[in-house]
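Inspection log for the structure reproduced underneath, given as C-alpha cells.
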Amino acid sequence: MSTLHQISSAALRLLPAETGHGLALRGLSAGFGPRERADDFRILAQDICGLHFANPVAVSAGFDKNAAAIAGARRLGSGFVEIGGVTPRAQIGNPKPRLFRLAPDRAAINRMGFNNKGADAVLARVHAAQDGSTPLGVNLAANSDSADPAQDFIALVEKFAPAADFLTIDVSCPNSANGQVFLDPRALEDLLACLNIARDASSGSPVMFAKLTPDLEDAHLSELLEIMLTAKIDAITLCNTTTARPDSLQGSNATERGGLSGAPLFEMATEMLRKVYVQTDGAVPLIGVGGIMSGKDAYTKIRAGASLVQLYTGLVYEGPGLIQQIKHDVAEHLTLDGFANVSEAVGLEHRS
Ligand SMILES: Cc1cc2nc3c(=O)[nH]c(=O)nc-3n(C[C@H](O)[C@H](O)[C@H](O)COP(=O)(O)O)c2cc1C
C-alpha cells in the first residue's frame, strides 16, 4: 500500500466511524485508490457455481449498500463484488450513531438497520456496472416495517435476477427482526421454495446464496443446513456479525448494541465454517467471512472449508491495500504447500 493510502486510511480512522466510512466509499467511487486492477495470480482462479472467480477474495456485504463503488471494489482487487443489503423500498436505518469502532480489539459494532436507497435506485447501478469482469451479487433484505418479509424477498429476487450473477438471502442480520423470522426452520423452508420458483421464472438465472448468523445452537444450525441443502441453495455465506461479546474486548464501545465484527469474530466464525463444511461434506461451496485481517487468516478459512472469502472490518484497520496483500499471501502459502490451485486447499484441514 502506498504511503498516501496509509496516511489517508489513518486520517479516516480519526473521524466518527460512519463518517469515515462514507468518505472512503465516496473516494472509491470517485476514482481514488488504485488506478487499475492488478493482474491476479493464476493459482487463485476457480470456477464455482458456474461463475469464474479470478481470485477468491472480496469485500463483504454492507460495505457498499447502494452499489456506489462497484468499479472501485474491482480496482481494489476483489475477485467478486457483493453490494447491499438492499430492501425493496428505501429506508433510513436506525438513528445515529450506529457504527462504532473498537480500536484496541480491531473490531466494530454496528446496528445500521439496513439503511439503503431501495431496490429501484440500486438496480439501475447494478445494470450499469454489469460488465462481466467479476461476478456481481446483490445482498437482499426485507424492509424493517414490512408486514410480509417473505414477499419482500420474492420481489427482490424477481427484480434483481435479470441483473445479478448471484443473490444472497440475508437471514442473519442481528439488527433486523424481519430477517430473523427465517431462522424458524419451517419459515426458511417455505421462503426458499418460493424464491426458487421466483428465480426460475425470471429472465435471469442467478445462483442463490444464503447468509447465516454465528449465533446459533448446533442443533438449530444443523436443521437450517438440512433445509438449505434440500432447497439446493448454491452456496452458504458464514457468517454475519455476532451479538456475543467475548470477555477479551477492551474497546470502550464494547457494550453498544448491535453486531460485532472484526478480529474477535475470527475464531467463532471459522469454527462455524468447520462445522458446516463437515456437515455438508464439502458438497456446497462456502464463503468464509468474519475477522479476516491478513492473508494468513484468509488461508486458514480456506483450509477450514471456504471456497471464497470476504472481509469488511479488516479494511477499516488495515486499509484498502489489504485485498492485494491477502491475494499475494494466499498465493504464496499455496505455492509453499505444493498446490497448483486454490481449490485443492479448500477443506484441507479435514483431510489431514
Ligand atoms: C457497518 C456494517 C454493515 C453491514 N451490513 C451488512 C448487510 O447489509 N448485509 C450483510 O449480509 N452483512 C452486513 N454486514 C456484515 C458483513 O458483511 C460481515 O459478514 C461481517 O462484518 C463480518 O466480517 P468482518 O469481520 O470481516 O467485518 C455489515 C457489517 C458492517 C460492519
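The chains in the C-alpha cells are called A, B, ... from first to last as shown; in each chain the residues are counted from 1, and the ligands are counted from 1 in the order shown.
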
Item checked: Nearby residues, ligand 1, 7 Å, only C-alpha atoms and all ligand atoms, as a VMD selection string -> chain A and resid 60 to 63 65 84 to 85 99 108 to 110 112 114 139 170 172 to 173 211 239 to 241 261 to 263 265 to 266 289 to 292 310 to 314

Shell of 10 Å around Gly179 of chain A, only C-alpha atoms, local chain residues under 2 positions omitted, as a PDB file with C-alpha atoms, in the first residue's frame:
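Output (out.pdb):
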ATOM      1  CA  LEU A 140     -31.143  -8.938  -0.176  1.00  0.00           C
ATOM      2  CA  ALA A 141     -33.070  -7.980   2.962  1.00  0.00           C
ATOM      3  CA  ALA A 142     -36.668  -7.287   3.958  1.00  0.00           C
ATOM      4  CA  ASN A 143     -37.827  -3.781   4.891  1.00  0.00           C
ATOM      5  CA  SER A 144     -37.950  -3.265   8.671  1.00  0.00           C
ATOM      6  CA  PRO A 149     -40.974 -10.171   4.754  1.00  0.00           C
ATOM      7  CA  ALA A 150     -41.224 -13.278   2.546  1.00  0.00           C
ATOM      8  CA  PHE A 153     -37.561 -11.312  -0.640  1.00  0.00           C
ATOM      9  CA  ILE A 169     -30.564 -14.139   1.024  1.00  0.00           C
ATOM     10  CA  ASP A 170     -29.603 -12.486   4.286  1.00  0.00           C
ATOM     11  CA  VAL A 171     -31.446 -14.179   7.121  1.00  0.00           C
ATOM     12  CA  SER A 172     -28.654 -13.406   9.532  1.00  0.00           C
ATOM     13  CA  CYS A 173     -28.647  -9.736  10.440  1.00  0.00           C
ATOM     14  CA  PRO A 174     -28.824  -9.220  14.204  1.00  0.00           C
ATOM     15  CA  ASN A 175     -30.363  -5.774  13.618  1.00  0.00           C
ATOM     16  CA  SER A 176     -33.398  -6.929  11.638  1.00  0.00           C
ATOM     17  CA  ALA A 177     -36.324  -8.760  13.185  1.00  0.00           C
ATOM     18  CA  VAL A 181     -38.164 -14.596  11.073  1.00  0.00           C
ATOM     19  CA  PHE A 182     -36.485 -17.090   8.744  1.00  0.00           C
ATOM     20  CA  LEU A 183     -34.376 -18.611  11.470  1.00  0.00           C
TER      21      LEU A 183
END

Margin query: Run DSSP on the backbone and tell me which residues of segment 106-262 of chain A come out as strand (DSSP E or B); list them as a PyMOL selection string.
Written below: chain A and resi 107-110+116+136-140+166-170+207-212+235-238+242+259-262

Item checked: Two-atom distance - atom CA of Leu260 of chain A, atom CA of Ala244 of chain A (Å) -> 7.3 Å

Notebook entry, point to check: For Thr270 of chain A, which of A:Pro56, A:Pro206, A:Gly251, A:Pro214 is the closest residue, counting only C-alpha atoms?
Noted result: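 Among A:Pro56, A:Pro206, A:Gly251, A:Pro214, it is A:Pro214 that comes nearest to Thr270 of chain A.
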